[in-house]
Amino acid sequence: MRTRATRASLAALAALAALLVAATAACSNGTAAATGVPDGGRRLADVTTVDDPRTLEGPVTAVVADAAVRPVVDDPAPALPVTVTDAQGTPVTVTDVSRILALDVYGTLSRTVFELGLGDHVVGRDVSSGFAEIADRQLVTSGGHDLSAEAILDLAPTVVVTDTTLGPWDVVLQVRDAGVPVVVVDAHRDVAGVGDLVRQVAGALGVADAGELLAQRAQSEIEAKVEQIAAVAPADRARRLRIMFLYARGQSGVYYLFGEGSGADSLVEAVGGVDVAAEIGWQGMRPLNDEGLVAAAPDVILMMTDGLESVGGVDGLLERLPAIASTPAGERRRVVDMADAQVLSFGPATADVLDALAVALYAPGEDAA
C-alpha cells in the first residue's frame with residue numbers, strides 16, 4: 001500500500017509533467033546569457049570549498065564534469081521472452097528488444113537503457129534525451145513533450161518503456177493497441193529510488209543481471225557522493241544552506257515552489273542543504289506566493305536552466321518576483337541553475353548531478369561573483 005507521502009510524490013510528478021508540457025513552447029525564447037557563470041565542469045574532489053557557503057554571491061550554472069554514458073556491460077544478452085507486471089499492474093510480455101523506445105519527461109529512461117548496454121537497440125528519443133550518444137535518433141515527441149503515435153509507430157518499436165510523465169495517454173494506449181508491448185514504470189523519482197527504477201527498466205528488457213550491476217553501481221556512487229558532500233557542507237544544520245527549488249516558465253507566468261514529495265526535497269538534502277519548502281510545510285508542488293517565499297527565506301534558489309532563461313536571468317527573476325529581493329538569496333543574487341533534463345532526472349548519473357551541484361554551491365569560483 002502506498003503511503004500518503006508516496007501518493008503526494010506521484011501527484012507531484014504528474015503535476016510537473018503537465019507543467020512541462022504546457023510551458024515547453026514558452027521557454028523557446030530564452031537566451032543563454034540569462035544564466036549564471038558555468039562552473040566549468042569541475043569535480044568536487046578537485047576544488048577548494050569555502051568555509052561558509054552562505055557568504056557566496058552571484059548566480060552559477062551547475063555543469064556535470066563528464067556526461068558520457070558508461071555502459072555497465074557491453075551488449076548484454078537479453079533473456080527473452082520475459083513477462084513483467086508493470087507499475088500499473090498490467091502484465092506485459094516482451095519477446096524482442098531489438099528496437100527499443102524509452103520515453104519520459106527527463107530522458108532518464110533512455111539514459112538507463114544506454115547505461116545497461118542496450119543503446120544500439122534504441123531507435124528514437126524524447127525531446128529530453130539530450131545526451132550525446134542518443135542525439136542522432138529520431139524524435140517521437142512533438143510540440144515539446146507530446147508523444148506522437150505516428151512517429152512512434154513509424155519506428156516499428158518492439159517494446160516501449162515509459163511512465164506517466166508524458167502524454168497524451170491516448171497515444172500510449174494506441175501504441176499498445178497496435179500490438180507493441182508497453183511497460184509503464186514508476187513515475188516517482190528521488191535520490192533513494194534510483195536503483196529500483198533501474199531494476200524496473202532492466203527487468204522489462206530481459207537484462208536483470210545487468211540491471212542489478214547498474215543499480216548497485218549507481219547506489220554506491222550516490223552513497224559515496226553524499227558522504228563526500230557531507231564532509232564539505234557545514235556540520236551545524238543552522239549554518240547549512242537554506243535551499244528552495246523554484247520552477248518557472250516566465251512567458252506563461254508559471255512559478256511553482258517544489259516541496260515535500262516533489263523529488264527536489266531529496267535532492268536538497270543530498271547536497272547538504274536544508275529544504276526550506278519542507279520547513280514551511282509545503283507539500284508537493286504549488287504556485288508560489290510572496291508569503292511562502294519570504295517565510296522560506298532561502299540562501300539559494302535552485303532552478304532549471306530553461307526556467308531561469310525564461311524569466312531573463314536573475315535580473316528578470318527579481319523584477320518579476322520582487323519578494324525574492326527580500327530573501328538572503330535575492331540580496332546575494334544566489335541562484336544556481338542546472339539543465340532541465342539533469343537536475344531532477346534521478347537516473348544512473350545522479351551522483352554526477354550531485355557532484356556538479358555541490359561544486360556550484362560550495363566552490364563556484366571567483367568568476368561567479
# chains A, B, ... in the order shown; residues from 1 in each chain; ligands from 1
call {"tool": "residues_around", "arguments": {"residues": "stretch 264-281 of chain A", "least_positions_apart": "6", "cutoff": "8 Å", "atoms": "only C-alpha atoms", "output": "ChimeraX atom specification"}}
result
/A:190-192,226,229-230,233-234,237,240-245,257-258,292,295-298,344,354,357-358
call {"tool": "residues_around", "arguments": {"residues": "A:Ile134", "least_positions_apart": "6", "cutoff": "9 Å", "atoms": "only C-alpha atoms", "output": "JSON, numbers by chain"}}
result
{"A": [110, 111, 114, 119, 122, 124, 125]}
call {"tool": "residues_around", "arguments": {"residues": "A:Gly41", "least_positions_apart": "4", "cutoff": "7 Å", "atoms": "only C-alpha atoms", "output": "list of chain:residue names"}}
result
A:Val63, A:Val64, A:Ala65
call {"tool": "write_last_selection", "arguments": {"atoms": "N, CA, C and O atoms", "output": "PDB file, in the first residue's frame"}}
result
ATOM      1  N   VAL A  63      27.356  22.391 -13.928  1.00  0.00           N
ATOM      2  CA  VAL A  63      27.640  21.613 -15.128  1.00  0.00           C
ATOM      3  C   VAL A  63      28.286  20.289 -14.734  1.00  0.00           C
ATOM      4  O   VAL A  63      29.291  20.275 -14.016  1.00  0.00           O
ATOM      5  N   VAL A  64      27.719  19.190 -15.206  1.00  0.00           N
ATOM      6  CA  VAL A  64      28.293  17.873 -14.931  1.00  0.00           C
ATOM      7  C   VAL A  64      29.664  17.782 -15.583  1.00  0.00           C
ATOM      8  O   VAL A  64      29.846  18.140 -16.755  1.00  0.00           O
ATOM      9  N   ALA A  65      30.647  17.300 -14.838  1.00  0.00           N
ATOM     10  CA  ALA A  65      32.027  17.260 -15.329  1.00  0.00           C
ATOM     11  C   ALA A  65      32.187  16.323 -16.511  1.00  0.00           C
ATOM     12  O   ALA A  65      32.889  16.630 -17.475  1.00  0.00           O
TER      13      ALA A  65
END
call {"tool": "atom_distance", "arguments": {"atom1": "atom CA of A:Arg54", "atom2": "atom CA of A:Ala67"}}
result
28.5 Å
call {"tool": "residues_around", "arguments": {"residues": "stretch 76-80 of chain A", "least_positions_apart": "4", "cutoff": "7 Å", "atoms": "only C-alpha atoms", "output": "compact mmCIF listing (two decimals) with N, CA and C atoms, in the first residue's frame"}}
result
# COMPACT_ATOMS: atom_id res chain seq x y z
N THR A 95 9.07 -9.98 -26.04
CA THR A 95 9.74 -11.07 -26.76
C THR A 95 10.91 -10.59 -27.60
N GLY A 117 23.76 -0.99 -21.51
CA GLY A 117 24.48 -1.56 -22.62
C GLY A 117 23.64 -1.85 -23.84
N LEU A 205 13.39 -5.45 -20.01
CA LEU A 205 14.17 -5.70 -21.22
C LEU A 205 14.93 -7.02 -21.17
N GLY A 206 14.68 -7.80 -20.14
CA GLY A 206 15.31 -9.11 -20.04
C GLY A 206 16.77 -9.10 -19.68
N VAL A 207 17.23 -8.01 -19.06
CA VAL A 207 18.64 -7.93 -18.66
C VAL A 207 18.74 -7.64 -17.16
call {"tool": "select_by_dssp", "arguments": {"residues": "stretch 312-346 of chain A", "states": "strand (DSSP E)", "output": "list in words"}}
result
Val335, Val336, Asp337 and Met338 of chain A
call {"tool": "residues_around", "arguments": {"residues": "A:Ala248", "least_positions_apart": "3", "cutoff": "6 Å", "atoms": "only C-alpha atoms", "output": "JSON, numbers by chain"}}
result
{"A": [254, 255, 307]}
call {"tool": "residues_around", "arguments": {"residues": "A:Ala62", "least_positions_apart": "5", "cutoff": "12 Å", "atoms": "only C-alpha atoms", "output": "PyMOL selection string"}}
result
chain A and resi 35-44+302-305+335-340+342-343+352-365+368
call {"tool": "write_last_selection", "arguments": {"atoms": "C-alpha atoms", "output": "PDB file, in the first residue's frame"}}
result
ATOM      1  CA  THR A  35      22.074  32.031 -16.681  1.00  0.00           C
ATOM      2  CA  GLY A  36      24.994  32.270 -14.310  1.00  0.00           C
ATOM      3  CA  VAL A  37      28.660  31.514 -14.922  1.00  0.00           C
ATOM      4  CA  PRO A  38      29.177  27.824 -15.727  1.00  0.00           C
ATOM      5  CA  ASP A  39      31.290  26.039 -13.142  1.00  0.00           C
ATOM      6  CA  GLY A  40      33.452  24.622 -15.933  1.00  0.00           C
ATOM      7  CA  GLY A  41      32.504  21.033 -15.225  1.00  0.00           C
ATOM      8  CA  ARG A  42      34.911  20.793 -12.289  1.00  0.00           C
ATOM      9  CA  ARG A  43      34.644  17.910  -9.843  1.00  0.00           C
ATOM     10  CA  LEU A  44      34.165  18.360  -6.114  1.00  0.00           C
ATOM     11  CA  LEU A 302      17.765  26.282  -7.315  1.00  0.00           C
ATOM     12  CA  MET A 303      16.213  26.373 -10.783  1.00  0.00           C
ATOM     13  CA  MET A 304      16.144  24.602 -14.123  1.00  0.00           C
ATOM     14  CA  THR A 305      18.243  26.392 -16.734  1.00  0.00           C
ATOM     15  CA  VAL A 335      20.683  31.423  -7.994  1.00  0.00           C
ATOM     16  CA  VAL A 336      22.013  28.037  -9.088  1.00  0.00           C
ATOM     17  CA  ASP A 337      20.614  26.642 -12.321  1.00  0.00           C
ATOM     18  CA  MET A 338      21.097  23.255 -13.964  1.00  0.00           C
ATOM     19  CA  ALA A 339      19.940  21.654 -17.194  1.00  0.00           C
ATOM     20  CA  ASP A 340      16.271  20.687 -17.103  1.00  0.00           C
ATOM     21  CA  GLN A 342      19.509  16.576 -15.457  1.00  0.00           C
ATOM     22  CA  VAL A 343      18.599  18.300 -12.227  1.00  0.00           C
ATOM     23  CA  ASP A 352      27.400  13.252 -11.179  1.00  0.00           C
ATOM     24  CA  VAL A 353      24.436  15.611 -10.819  1.00  0.00           C
ATOM     25  CA  LEU A 354      25.026  15.842  -7.071  1.00  0.00           C
ATOM     26  CA  ASP A 355      28.732  16.483  -7.670  1.00  0.00           C
ATOM     27  CA  ALA A 356      28.029  19.347 -10.084  1.00  0.00           C
ATOM     28  CA  LEU A 357      25.526  20.928  -7.721  1.00  0.00           C
ATOM     29  CA  ALA A 358      27.944  20.641  -4.801  1.00  0.00           C
ATOM     30  CA  VAL A 359      30.650  22.475  -6.771  1.00  0.00           C
ATOM     31  CA  ALA A 360      28.171  25.223  -7.652  1.00  0.00           C
ATOM     32  CA  LEU A 361      27.037  25.524  -4.032  1.00  0.00           C
ATOM     33  CA  TYR A 362      30.338  25.246  -2.174  1.00  0.00           C
ATOM     34  CA  ALA A 363      33.095  26.177  -4.643  1.00  0.00           C
ATOM     35  CA  PRO A 364      31.716  28.194  -7.552  1.00  0.00           C
ATOM     36  CA  GLY A 365      34.970  30.072  -8.196  1.00  0.00           C
ATOM     37  CA  ALA A 368      30.950  33.522 -10.329  1.00  0.00           C
TER      38      ALA A 368
END
call {"tool": "select_by_dssp", "arguments": {"residues": "stretch 35-157 of chain A", "states": "alpha helix (DSSP H)", "output": "ChimeraX atom specification"}}
result
/A:108-113,149-154
call {"tool": "write_last_selection", "arguments": {"atoms": "C-alpha atoms", "output": "PDB file, in the first residue's frame"}}
result
ATOM      1  CA  THR A 108      16.018   9.235 -17.662  1.00  0.00           C
ATOM      2  CA  LEU A 109      14.633   6.020 -19.124  1.00  0.00           C
ATOM      3  CA  SER A 110      16.567   6.264 -22.392  1.00  0.00           C
ATOM      4  CA  ARG A 111      19.744   7.072 -20.458  1.00  0.00           C
ATOM      5  CA  THR A 112      19.147   3.998 -18.327  1.00  0.00           C
ATOM      6  CA  VAL A 113      18.809   1.785 -21.410  1.00  0.00           C
ATOM      7  CA  ALA A 149       1.670   7.998 -32.178  1.00  0.00           C
ATOM      8  CA  GLU A 150       2.595   8.299 -35.851  1.00  0.00           C
ATOM      9  CA  ALA A 151       6.269   8.958 -35.090  1.00  0.00           C
ATOM     10  CA  ILE A 152       6.385   6.088 -32.614  1.00  0.00           C
ATOM     11  CA  LEU A 153       4.722   3.539 -34.873  1.00  0.00           C
ATOM     12  CA  ASP A 154       6.792   4.634 -37.885  1.00  0.00           C
TER      13      ASP A 154
END
call {"tool": "residues_around", "arguments": {"residues": "A:Gly330", "least_positions_apart": "2", "cutoff": "9 Å", "atoms": "only C-alpha atoms", "output": "VMD selection string"}}
result
chain A and resid 298 to 301 314 318 322 to 328 332 to 335
call {"tool": "closest_residue", "arguments": {"among": "A:Ala45, A:Ala68, A:Val127, A:Ala102", "to": "A:Val201", "atoms": "only C-alpha atoms"}}
result
A:Ala102
call {"tool": "atom_distance", "arguments": {"atom1": "atom CA of A:Pro168", "atom2": "atom CA of A:Gln200"}}
result
22.5 Å
call {"tool": "atom_distance", "arguments": {"atom1": "atom CA of A:Thr162", "atom2": "atom CA of A:Leu103"}}
result
4.9 Å
